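*Asks:* The structure under discussion is supplied below as structure tokens; questions concerning it will follow.
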Amino acid sequence: MKTQPTKKELSAKPQAAVRENTAPASTLASPKTQFRLDTKLLTQIHDYMVQARVMEERLIRMYKQNQGYFWLGGPGEESFQVPLGLQIHKGMGPDYDYMHFHYRAGAPMLVMGMDPMDAMRQMQNTATDPFSGGRNFASHYSKREWNVVPVTSTIETQYLTAIGSAIAQKRHGGKGITIVTGGDAGTAEGDFASCLVWSSRPGNELPILIIVTNNKFGISTPAATQHGEKLISDRGKAFGIKSKTINGLDVEESWFELKEAMDYVRNERKPFLLEVNVSRLYGHSSATGANLVAGEEDPITTFESKLEKAGILTRQEMDSLREKYTTEMLDMSKRVKEEPMPDPETIYDNTFKGQKGRYW
Amino acid sequence: MANMAQAIRMALHYGEKHLGVKDIFGEDVGPPLGGVFTATQGLTTTWNSPLDERGIIGAAMGLAFAGSRCVAEIQFCDYVFNTIDLLKLAGNQCWASNGDWNMPMTVMTPVGSGIRGSIYHSHSFDAMMTHIPGWKIVMPSNPLDAYGLMIACLKDENPTMYLKPKALLRVDGFDAIPGEPDLTPEGKKKLREMIDKPVVGDTSNWKPQWPVGLTDYTVEIGKGKTVRSGEHVTVVSYGRMLPICAQVADQLLADGISVEVIDMRTLWPYDWNLISESIRKTKRVIFVNEDTEVTNFGEHLLRRTVEELFFELEARPRLIAGAFTPGVGLADPLEMACVPQHREVEKMIREVAAERA
């Protein structure tokens with residue numbers, strides 16, 4: 001597994017790609033693409049993006065092979081979700097960032113250090129699933145040690161719980177912030193409006209990075225048929241919340257816009273609403289088939305094309321990387337098969353803190 | 001001789017000072033009002049929230065995630081219904097994360113009838129709330145228990161729901177809360193002067209004088225109390241109906257009917273040992289509460305009584321509960337007909353006591 005970048009790497013000033021282009025002349029018809037991030041970070045981002053994609057595709061296969069009951073995840077968001085994961089201040093307690101993720105956060109979890117096998121354990125609902133012990137859906141991550149609160153299926157309620165951790169952090173001081181992610185369709189829920197109201201109370205503004213990933217759909221319903229607002233980020237303006245809409249399919253745009261937004265929230269202790277346009281490559285979830293959707297831009301393809309043109313990675317290197325992860329994750333999914341299912345005797349365990357067995 | 005509102009206020013003050021409570025919030029909870037029932041007057045960590053019940057519960061959950069102990073209020077339980085999914089989430093976070101997360105948070109809300117509150121200020125919440133696992137649910141019937149149960153909630157590492165029987169919030173107690181002034185009219189006056197914000201005049205600089213001897217007197221969650229010992233019939237109740245049951249029990253003594261009255265105090269997890277032992281003794285039981293009768297919490301207790309104690313019973317177990325109406329009517333005769341009254345409790349006890357084995 002990769003480790004997170006150092007603070008030095010994270011604070012690296014934008015710079016042109018430094019590696020000499022060594023790709024074959026036939027692939028260099030276009031002018032060399034200029035990047036603002038350094039090569040090491042770009043390759044690291046690419047590595048995580050591929051790893052996240054391969055993990056999700058393995059999870060889909062597990063679902064389709066009856067190794068799980070349900071799949072949903074974030075293929076098509078890696079170009080945004082990986083830069084997000086890399087800029088999170090990971091740790092436990094209010095000095096670090098609190099994450100109120102929705103269910104497309106496999107990529108930032110990987111970046112933070114999640115073992116992909118753990119995602120597979122949750123897919124197969126094994127007793128060894130570290131996030132829920134076989135009790136919850138795939139991609140419903142939870143890890144107290146990293147301030148990742150349990151992902152819920154009740155979309156948008158995370159915009160409410162984010163209020164509370166941000167209140168605690170506002171009082172605590174320091175640089176820790178609350179980060180909440182959700183989808184565009186869910187912004188129709190009042191909970192999203194609640195987050196805007198509570199985070200912008202005059203004199204009590206909260207350090208929340210409010211992220212909406214906009215894939216233009218709510219399961220099967222096009223957003224355009226339900227939402228009159230031109231931009232979701234416009235809703236923040238009514239509350240005096242600094243807001244922006246960005247192209248989340250572009251790695252560098254995601255990186256720098258996230259950095260700007262995070263810096264603002266960390267330093268000003270005020271909210272920022274970031275609307276992020278992304279793809280949804282395999283539909284909403286297994287509820288819509290979990291099949292590759294035509295016409296959606298694949299951010300990895302886009303990024304790899306740029307990397308190749310810039311001579312940062314060759315096609316062969318990128319193919320080898322994908323093959324390596326594909327092999328590794330296939331092996332992981334096979335090993336997960338051998339792990340035990342939860343003991344039915346444990347159904348009452350942890351209804352309350354530390355409680356074991358039936359208690360009434 | 002504190003009333004229940006004062007008792008809750010003193011317990012919250014103790015919680016702020018000694019138990020790490022950092023936020024007490026909700027609609028009109030902070031200054032200048034200090035709660036629509038004044039239960040949060042004069043406290044130091046109170047603040048007013050937007051008029052948004054979902055935001056209130058969500059914020060409480062987020063504070064709990066951050067390890068910051070809070071008390072959130074829903075102004076009337078009639079307005080908590082749009083937060084049911086959040087209450088379910090708060091109750092399942094420990095279970096869903098297989099023990100990784102726990103939620104130290106308390107929600108309090110006034111419940112029940114008795115103040116002529118009409119359709120949207122009279123609802124009960126015990127039946128609904130006891131359908132949501134993962135919460136500890138308490139409901140006091142007197143100021144001393146109100147204090148001790150609040151302290152218990154503030155010490156608990158799990159979500160706790162504190163149901164305040166609104167009809168009893170202004171009723172004085174008979175048992176002293178450790179640290180409060182004497183249980184005399186003078187003591188009551190003194191306490192009022194110390195901790196009740198004056199109703200008239202400039203109160204902008206008012207600060208309470210908290211009794212110095214307040215303690216962490218705790219009523220253990222899950223423990224009921226036998227408030228009247230008796231031989232012929234067991235009556236199990238809580239909250240607003242409890243004083244009525246005790247009053248009827250006292251009255252029936254003159255007719256030779258000996259009633260054992262149990263105050264559950266905690267609805268979940270409840271004290272089945274206390275209840276079942278009493279039923280085994282009297283062999284007759286009536287469960288009494290004011291929530292609507294269909295899928296009422298008392299029905300669960302009835303089911304358990306039938307399943308576990310059927311062959312020890314000498315009379316059919318009974319439930320006295322509110323009428324299954326869409327609301328509690330405002331007009332005096334309507335409210336009286338919607339929720340159980342003294343006469344119904346008395347009639348039922350006489351009937352059960354007289355039923356032939």
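Each chain in the structure tokens gets a letter, A, B and so on, in the order shown; residues start at 1 in every chain, and ligands are counted from 1 in the order they appear.
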With a distance threshold of 6 Å and counting only C-alpha atoms, extract the residues of chain B near chain A and express them as a PDB file with N, CA and C atoms, in the first residue's frame.

*Replies:*
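Saved the output as result_33.pdb:
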```pdb
ATOM      1  N   GLY B  55     -32.008  19.474  12.478  1.00  0.00           N
ATOM      2  CA  GLY B  55     -30.696  20.054  12.750  1.00  0.00           C
ATOM      3  C   GLY B  55     -30.289  19.836  14.198  1.00  0.00           C
ATOM      4  N   GLY B  58     -29.342  16.147  14.604  1.00  0.00           N
ATOM      5  CA  GLY B  58     -28.108  15.904  13.856  1.00  0.00           C
ATOM      6  C   GLY B  58     -26.912  16.543  14.541  1.00  0.00           C
ATOM      7  N   ALA B  59     -27.088  17.759  15.021  1.00  0.00           N
ATOM      8  CA  ALA B  59     -25.984  18.437  15.712  1.00  0.00           C
ATOM      9  C   ALA B  59     -25.593  17.675  16.974  1.00  0.00           C
ATOM     10  N   ALA B  60     -26.581  17.181  17.684  1.00  0.00           N
ATOM     11  CA  ALA B  60     -26.285  16.405  18.894  1.00  0.00           C
ATOM     12  C   ALA B  60     -25.474  15.156  18.542  1.00  0.00           C
ATOM     13  N   MET B  61     -25.849  14.523  17.441  1.00  0.00           N
ATOM     14  CA  MET B  61     -25.103  13.329  17.017  1.00  0.00           C
ATOM     15  C   MET B  61     -23.659  13.681  16.659  1.00  0.00           C
ATOM     16  N   GLY B  62     -23.518  14.783  15.947  1.00  0.00           N
ATOM     17  CA  GLY B  62     -22.165  15.183  15.550  1.00  0.00           C
ATOM     18  C   GLY B  62     -21.307  15.547  16.753  1.00  0.00           C
ATOM     19  N   LEU B  63     -21.914  16.207  17.724  1.00  0.00           N
ATOM     20  CA  LEU B  63     -21.177  16.511  18.956  1.00  0.00           C
ATOM     21  C   LEU B  63     -20.771  15.219  19.651  1.00  0.00           C
ATOM     22  N   ALA B  66     -17.875  13.691  18.142  1.00  0.00           N
ATOM     23  CA  ALA B  66     -16.654  14.407  18.508  1.00  0.00           C
ATOM     24  C   ALA B  66     -16.340  14.269  19.993  1.00  0.00           C
ATOM     25  N   CYS B  94     -23.563   2.620  17.329  1.00  0.00           N
ATOM     26  CA  CYS B  94     -22.678   1.709  18.057  1.00  0.00           C
ATOM     27  C   CYS B  94     -22.801   0.295  17.463  1.00  0.00           C
ATOM     28  N   TRP B  95     -24.027  -0.086  17.221  1.00  0.00           N
ATOM     29  CA  TRP B  95     -24.287  -1.433  16.674  1.00  0.00           C
ATOM     30  C   TRP B  95     -23.770  -1.533  15.245  1.00  0.00           C
ATOM     31  N   ALA B  96     -24.070  -0.507  14.430  1.00  0.00           N
ATOM     32  CA  ALA B  96     -23.678  -0.546  13.019  1.00  0.00           C
ATOM     33  C   ALA B  96     -22.161  -0.553  12.855  1.00  0.00           C
ATOM     34  N   SER B  97     -21.469   0.105  13.767  1.00  0.00           N
ATOM     35  CA  SER B  97     -20.006   0.129  13.673  1.00  0.00           C
ATOM     36  C   SER B  97     -19.401  -0.998  14.513  1.00  0.00           C
ATOM     37  N   ASN B  98     -20.249  -1.897  14.948  1.00  0.00           N
ATOM     38  CA  ASN B  98     -19.817  -3.061  15.732  1.00  0.00           C
ATOM     39  C   ASN B  98     -19.002  -2.639  16.959  1.00  0.00           C
ATOM     40  N   GLY B  99     -19.457  -1.536  17.562  1.00  0.00           N
ATOM     41  CA  GLY B  99     -18.844  -1.115  18.822  1.00  0.00           C
ATOM     42  C   GLY B  99     -17.748  -0.084  18.679  1.00  0.00           C
ATOM     43  N   ASN B 102     -19.563   5.156  19.840  1.00  0.00           N
ATOM     44  CA  ASN B 102     -20.712   5.242  20.749  1.00  0.00           C
ATOM     45  C   ASN B 102     -21.161   6.696  20.791  1.00  0.00           C
ATOM     46  N   GLY B 134     -31.302   0.855  20.902  1.00  0.00           N
ATOM     47  CA  GLY B 134     -30.015   1.539  21.035  1.00  0.00           C
ATOM     48  C   GLY B 134     -30.076   2.772  21.916  1.00  0.00           C
TER      49      GLY B 134
END
```

*Asks:* Using DSSP on the backbone coordinates, identify all residues within stretch 67-192 of chain A classified as strand (DSSP E); present the result as a PyMOL selection string.

*Replies:* chain A and resi 98-100+178-183

*Asks:* Taking a cut-off of 12 Å and counting only C-alpha atoms, can you build a table that, for each residue of stretch 101-208 of chain B near stretch 281-298 of chain B, reports the nearest atom pair and how far apart they are in Å (one decimal), sorted by chain then residue number, as a Markdown table?

*Replies:*
```
| residue | atom | partner | partner_atom | distance |
| --- | --- | --- | --- | --- |
| B:Val111 | CA | B:Asp291 | CA | 9.6 |
| B:Gly112 | CA | B:Glu290 | CA | 7.1 |
| B:Ser113 | CA | B:Glu290 | CA | 8.1 |
| B:Gly114 | CA | B:Glu290 | CA | 10.3 |
| B:Ser122 | CA | B:Asp291 | CA | 9.9 |
| B:His123 | CA | B:Asp291 | CA | 7.5 |
| B:Ser124 | CA | B:Asp291 | CA | 5.2 |
| B:Phe125 | CA | B:Asp291 | CA | 7.2 |
| B:Asp126 | CA | B:Phe297 | CA | 6.9 |
| B:Ala127 | CA | B:Phe297 | CA | 4.9 |
| B:Met128 | CA | B:Phe297 | CA | 8.3 |
| B:Met129 | CA | B:Phe297 | CA | 9.2 |
| B:Thr130 | CA | B:Phe297 | CA | 6.9 |
| B:His131 | CA | B:Phe297 | CA | 8.5 |
| B:Ile132 | CA | B:Phe297 | CA | 11.8 |
| B:Met139 | CA | B:Asn289 | CA | 11.5 |
| B:Ser141 | CA | B:Asn289 | CA | 11.9 |
| B:Pro165 | CA | B:Glu290 | CA | 10.5 |
| B:Ala167 | CA | B:Glu290 | CA | 11.9 |
```

*Asks:* Since we have the selection now, will you write its residues out, keeping C-alpha atoms, as a short mmCIF file (atom, residue, chain, number, x, y, z; two decimals), in the first residue's frame?

*Replies:*
```
data_model
loop_
_atom_site.label_atom_id
_atom_site.label_comp_id
_atom_site.auth_asym_id
_atom_site.auth_seq_id
_atom_site.Cartn_x
_atom_site.Cartn_y
_atom_site.Cartn_z
CA VAL B 111 -44.41 14.65 26.61
CA GLY B 112 -48.03 13.91 27.30
CA SER B 113 -51.17 15.78 28.09
CA GLY B 114 -52.42 17.65 31.10
CA SER B 122 -50.18 16.80 24.09
CA HIS B 123 -48.72 13.81 22.34
CA SER B 124 -46.93 11.00 24.09
CA PHE B 125 -43.72 9.53 22.75
CA ASP B 126 -43.08 6.43 24.84
CA ALA B 127 -44.62 3.94 22.41
CA MET B 128 -42.76 5.38 19.45
CA MET B 129 -39.48 5.78 21.28
CA THR B 130 -39.45 2.28 22.72
CA HIS B 131 -39.57 1.01 19.14
CA ILE B 132 -36.11 2.44 18.53
CA MET B 139 -39.29 9.24 32.33
CA SER B 141 -42.65 11.04 37.88
CA PRO B 165 -44.05 14.66 31.67
CA ALA B 167 -48.13 18.08 33.42
#
```

*Asks:* Which one is closest to A:Glu297: A:Gln226, A:Ser199, A:Gln87, A:Ser79? Count only C-alpha atoms.

*Replies:*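 Selected residue with least distance to A:Glu297: A:Ser79.
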
*Asks:* Quick one: residues within 7 Å of stretch 264-281 of chain A, only C-alpha atoms, excluding same-chain residues fewer than 4 positions away - as a ChimeraX atom specification?

*Replies:* /A:75-77,170,175-177,199,205-215,232-233,236,241-249,260,292-293,296-297

*Asks:* Measuring atom to atom with only C-alpha atoms, identify which of B:Thr40, B:Thr106, B:Ser278, B:Asn273 is nearest to B:Ala90.

*Replies:*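 Of B:Thr40, B:Thr106, B:Ser278, B:Asn273, the one nearest B:Ala90 is B:Thr106, counting only C-alpha atoms.
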
*Asks:* Running DSSP on the backbone, which parts of stretch 127-328 of chain B land in alpha helix (DSSP H), as a PyMOL selection string?

*Replies:* chain B and resi 127-129+143-155+185-195+241-252+272-282+297-309

*Asks:* Based on the selection just made, write C-alpha atoms of those residues as a PDB file, in the first residue's frame.

*Replies:*
```
ATOM      1  CA  ALA B 127     -44.624   3.942  22.408  1.00  0.00           C
ATOM      2  CA  MET B 128     -42.758   5.375  19.450  1.00  0.00           C
ATOM      3  CA  MET B 129     -39.475   5.779  21.284  1.00  0.00           C
ATOM      4  CA  PRO B 143     -38.544  15.950  41.061  1.00  0.00           C
ATOM      5  CA  LEU B 144     -36.093  13.740  42.939  1.00  0.00           C
ATOM      6  CA  ASP B 145     -36.170  11.105  40.222  1.00  0.00           C
ATOM      7  CA  ALA B 146     -36.056  13.862  37.621  1.00  0.00           C
ATOM      8  CA  TYR B 147     -32.764  14.971  39.112  1.00  0.00           C
ATOM      9  CA  GLY B 148     -31.320  11.504  39.545  1.00  0.00           C
ATOM     10  CA  LEU B 149     -32.352  10.259  36.122  1.00  0.00           C
ATOM     11  CA  MET B 150     -30.865  13.321  34.441  1.00  0.00           C
ATOM     12  CA  ILE B 151     -27.586  12.725  36.235  1.00  0.00           C
ATOM     13  CA  ALA B 152     -27.702   9.105  35.080  1.00  0.00           C
ATOM     14  CA  CYS B 153     -28.269  10.204  31.483  1.00  0.00           C
ATOM     15  CA  LEU B 154     -25.386  12.650  31.647  1.00  0.00           C
ATOM     16  CA  LYS B 155     -23.073   9.893  32.854  1.00  0.00           C
ATOM     17  CA  PRO B 185     -42.665  26.672  52.270  1.00  0.00           C
ATOM     18  CA  GLU B 186     -39.757  28.886  53.281  1.00  0.00           C
ATOM     19  CA  GLY B 187     -37.313  26.537  51.606  1.00  0.00           C
ATOM     20  CA  LYS B 188     -39.395  26.519  48.462  1.00  0.00           C
ATOM     21  CA  LYS B 189     -39.507  30.323  48.429  1.00  0.00           C
ATOM     22  CA  LYS B 190     -35.776  30.452  48.958  1.00  0.00           C
ATOM     23  CA  LEU B 191     -35.097  28.061  46.091  1.00  0.00           C
ATOM     24  CA  ARG B 192     -37.345  30.067  43.814  1.00  0.00           C
ATOM     25  CA  GLU B 193     -35.439  33.236  44.664  1.00  0.00           C
ATOM     26  CA  MET B 194     -32.164  31.466  44.055  1.00  0.00           C
ATOM     27  CA  ILE B 195     -32.726  29.786  40.706  1.00  0.00           C
ATOM     28  CA  MET B 241     -49.949   8.549  35.289  1.00  0.00           C
ATOM     29  CA  LEU B 242     -47.803   7.410  38.214  1.00  0.00           C
ATOM     30  CA  PRO B 243     -49.015   9.957  40.801  1.00  0.00           C
ATOM     31  CA  ILE B 244     -52.592   9.178  39.786  1.00  0.00           C
ATOM     32  CA  CYS B 245     -52.014   5.459  40.318  1.00  0.00           C
ATOM     33  CA  ALA B 246     -50.406   6.102  43.702  1.00  0.00           C
ATOM     34  CA  GLN B 247     -53.285   8.359  44.691  1.00  0.00           C
ATOM     35  CA  VAL B 248     -55.837   5.708  43.739  1.00  0.00           C
ATOM     36  CA  ALA B 249     -53.858   3.082  45.655  1.00  0.00           C
ATOM     37  CA  ASP B 250     -53.952   5.236  48.781  1.00  0.00           C
ATOM     38  CA  GLN B 251     -57.654   5.795  48.380  1.00  0.00           C
ATOM     39  CA  LEU B 252     -58.491   2.102  47.903  1.00  0.00           C
ATOM     40  CA  TRP B 272     -38.460  -6.707  34.525  1.00  0.00           C
ATOM     41  CA  ASN B 273     -37.203  -8.341  37.704  1.00  0.00           C
ATOM     42  CA  LEU B 274     -39.060  -5.826  39.839  1.00  0.00           C
ATOM     43  CA  ILE B 275     -42.213  -6.048  37.732  1.00  0.00           C
ATOM     44  CA  SER B 276     -42.307  -9.818  37.421  1.00  0.00           C
ATOM     45  CA  GLU B 277     -41.596 -10.391  41.105  1.00  0.00           C
ATOM     46  CA  SER B 278     -44.491  -8.141  42.009  1.00  0.00           C
ATOM     47  CA  ILE B 279     -46.823  -9.888  39.564  1.00  0.00           C
ATOM     48  CA  ARG B 280     -45.794 -13.242  40.992  1.00  0.00           C
ATOM     49  CA  LYS B 281     -46.744 -11.907  44.398  1.00  0.00           C
ATOM     50  CA  THR B 282     -50.102 -10.267  43.605  1.00  0.00           C
ATOM     51  CA  PHE B 297     -45.510   0.035  25.169  1.00  0.00           C
ATOM     52  CA  GLY B 298     -47.789  -1.470  27.812  1.00  0.00           C
ATOM     53  CA  GLU B 299     -48.834  -4.030  25.227  1.00  0.00           C
ATOM     54  CA  HIS B 300     -45.272  -5.288  25.120  1.00  0.00           C
ATOM     55  CA  LEU B 301     -45.334  -5.645  28.901  1.00  0.00           C
ATOM     56  CA  LEU B 302     -48.658  -7.435  28.638  1.00  0.00           C
ATOM     57  CA  ARG B 303     -47.235  -9.831  26.065  1.00  0.00           C
ATOM     58  CA  ARG B 304     -44.288 -10.612  28.270  1.00  0.00           C
ATOM     59  CA  THR B 305     -46.584 -11.091  31.259  1.00  0.00           C
ATOM     60  CA  VAL B 306     -48.728 -13.548  29.333  1.00  0.00           C
ATOM     61  CA  GLU B 307     -45.791 -15.443  27.874  1.00  0.00           C
ATOM     62  CA  GLU B 308     -43.780 -15.726  31.059  1.00  0.00           C
ATOM     63  CA  LEU B 309     -46.295 -15.549  33.901  1.00  0.00           C
TER      64      LEU B 309
END
```

*Asks:* Just how far from atom CA of A:Glu323 is atom CA of A:Arg61, in Å to one decimal?

*Replies:* 15.8 Å

*Asks:* Please measure the separation of atom CA of B:Thr45 and atom CA of B:Lys17, giving the value in Å to one decimal.

*Replies:*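 These atoms are spaced 10.0 Å apart.
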
*Asks:* List as JSON, numbers by chain the protein and nucleic acid residues near stretch 18-31 of chain B, meaning an atom at most 9 Å away when only C-alpha atoms are counted, but skip any in the same chain fewer than 3 places from it.

*Replies:* {"B": [12, 13, 14, 15, 34, 35, 36, 38, 39, 40, 41, 42, 43, 44, 45, 46, 47, 48, 49, 50, 51, 52, 53, 56, 60, 63, 68, 69, 70, 71, 72, 73, 74, 75, 151, 154, 155, 216]}

*Asks:* Got time to write the residues from that selection, N, CA and C atoms, as a short mmCIF file (atom, residue, chain, number, x, y, z; two decimals), in the first residue's frame?

*Replies:*
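again38.cif written:
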```cif
data_model
loop_
_atom_site.label_atom_id
_atom_site.label_comp_id
_atom_site.auth_asym_id
_atom_site.auth_seq_id
_atom_site.Cartn_x
_atom_site.Cartn_y
_atom_site.Cartn_z
N LEU B 12 -28.90 19.72 35.40
CA LEU B 12 -28.13 20.19 34.24
C LEU B 12 -26.98 21.09 34.70
N HIS B 13 -27.27 21.90 35.71
CA HIS B 13 -26.18 22.72 36.26
C HIS B 13 -25.06 21.82 36.80
N TYR B 14 -25.46 20.78 37.52
CA TYR B 14 -24.45 19.85 38.04
C TYR B 14 -23.67 19.22 36.86
N GLY B 15 -24.42 18.91 35.82
CA GLY B 15 -23.78 18.30 34.65
C GLY B 15 -22.78 19.23 33.98
N GLY B 34 -34.82 30.50 28.31
CA GLY B 34 -34.40 29.37 29.14
C GLY B 34 -35.36 28.21 29.08
N GLY B 35 -35.93 28.01 27.89
CA GLY B 35 -36.84 26.89 27.70
C GLY B 35 -38.28 27.30 27.95
N VAL B 36 -39.17 26.72 27.16
CA VAL B 36 -40.58 27.10 27.31
C VAL B 36 -41.15 26.64 28.65
N THR B 38 -38.95 26.60 31.29
CA THR B 38 -37.92 27.18 32.16
C THR B 38 -36.93 26.15 32.71
N ALA B 39 -36.87 25.00 32.13
CA ALA B 39 -35.99 23.96 32.66
C ALA B 39 -34.52 24.21 32.37
N THR B 40 -34.22 25.23 31.53
CA THR B 40 -32.82 25.50 31.21
C THR B 40 -32.43 26.94 31.55
N GLN B 41 -33.20 27.57 32.39
CA GLN B 41 -32.87 28.94 32.81
C GLN B 41 -31.55 29.00 33.57
N GLY B 42 -30.79 30.03 33.30
CA GLY B 42 -29.63 30.34 34.14
C GLY B 42 -28.42 29.46 33.95
N LEU B 43 -28.50 28.52 33.05
CA LEU B 43 -27.36 27.62 32.82
C LEU B 43 -26.32 28.32 31.94
N THR B 44 -25.10 27.83 32.00
CA THR B 44 -24.02 28.56 31.31
C THR B 44 -23.73 28.05 29.90
N THR B 45 -24.16 26.84 29.60
CA THR B 45 -23.81 26.29 28.28
C THR B 45 -25.01 26.23 27.33
N THR B 46 -26.06 26.95 27.68
CA THR B 46 -27.26 26.89 26.83
C THR B 46 -27.13 27.84 25.65
N TRP B 47 -27.76 27.45 24.58
CA TRP B 47 -27.86 28.36 23.42
C TRP B 47 -29.08 28.01 22.58
N ASN B 48 -29.50 29.03 21.86
CA ASN B 48 -30.70 28.88 21.02
C ASN B 48 -30.30 28.37 19.64
N SER B 49 -31.04 27.42 19.15
CA SER B 49 -30.75 26.87 17.83
C SER B 49 -31.74 27.43 16.81
N PRO B 50 -31.45 27.22 15.52
CA PRO B 50 -32.49 27.49 14.52
C PRO B 50 -33.72 26.63 14.80
N LEU B 51 -34.82 27.04 14.26
CA LEU B 51 -36.07 26.28 14.45
C LEU B 51 -36.03 25.07 13.51
N ASP B 52 -35.34 24.06 13.91
CA ASP B 52 -35.01 22.97 13.00
C ASP B 52 -34.72 21.71 13.82
N GLU B 53 -35.74 20.90 14.02
CA GLU B 53 -35.56 19.72 14.86
C GLU B 53 -34.55 18.74 14.28
N ILE B 56 -31.25 19.93 15.10
CA ILE B 56 -30.94 19.77 16.53
C ILE B 56 -30.44 18.35 16.81
N ALA B 60 -26.58 17.18 17.68
CA ALA B 60 -26.29 16.40 18.89
C ALA B 60 -25.47 15.16 18.54
N LEU B 63 -21.91 16.21 17.72
CA LEU B 63 -21.18 16.51 18.96
C LEU B 63 -20.77 15.22 19.65
N SER B 68 -18.10 15.24 22.49
CA SER B 68 -18.50 16.42 23.26
C SER B 68 -19.92 16.19 23.79
N ARG B 69 -20.03 16.07 25.09
CA ARG B 69 -21.31 15.69 25.69
C ARG B 69 -22.30 16.85 25.61
N CYS B 70 -23.51 16.53 25.18
CA CYS B 70 -24.51 17.59 25.02
C CYS B 70 -25.88 17.12 25.47
N VAL B 71 -26.74 18.10 25.70
CA VAL B 71 -28.16 17.84 25.93
C VAL B 71 -28.91 18.67 24.89
N ALA B 72 -29.67 18.00 24.06
CA ALA B 72 -30.45 18.69 23.03
C ALA B 72 -31.92 18.59 23.40
N GLU B 73 -32.63 19.67 23.19
CA GLU B 73 -34.06 19.63 23.50
C GLU B 73 -34.91 19.78 22.25
N ILE B 74 -35.93 18.94 22.17
CA ILE B 74 -37.01 19.15 21.21
C ILE B 74 -38.14 19.76 22.02
N GLN B 75 -38.58 20.93 21.61
CA GLN B 75 -39.43 21.76 22.47
C GLN B 75 -40.70 21.04 22.95
N ILE B 151 -29.01 12.99 35.94
CA ILE B 151 -27.59 12.72 36.23
C ILE B 151 -27.15 11.40 35.59
N LEU B 154 -26.60 11.88 31.94
CA LEU B 154 -25.39 12.65 31.65
C LEU B 154 -24.12 11.84 31.88
N LYS B 155 -24.24 10.76 32.62
CA LYS B 155 -23.07 9.89 32.85
C LYS B 155 -23.00 8.77 31.82
N ASP B 216 -24.04 14.25 42.96
CA ASP B 216 -24.31 13.45 41.76
C ASP B 216 -25.30 12.34 42.08
#
```
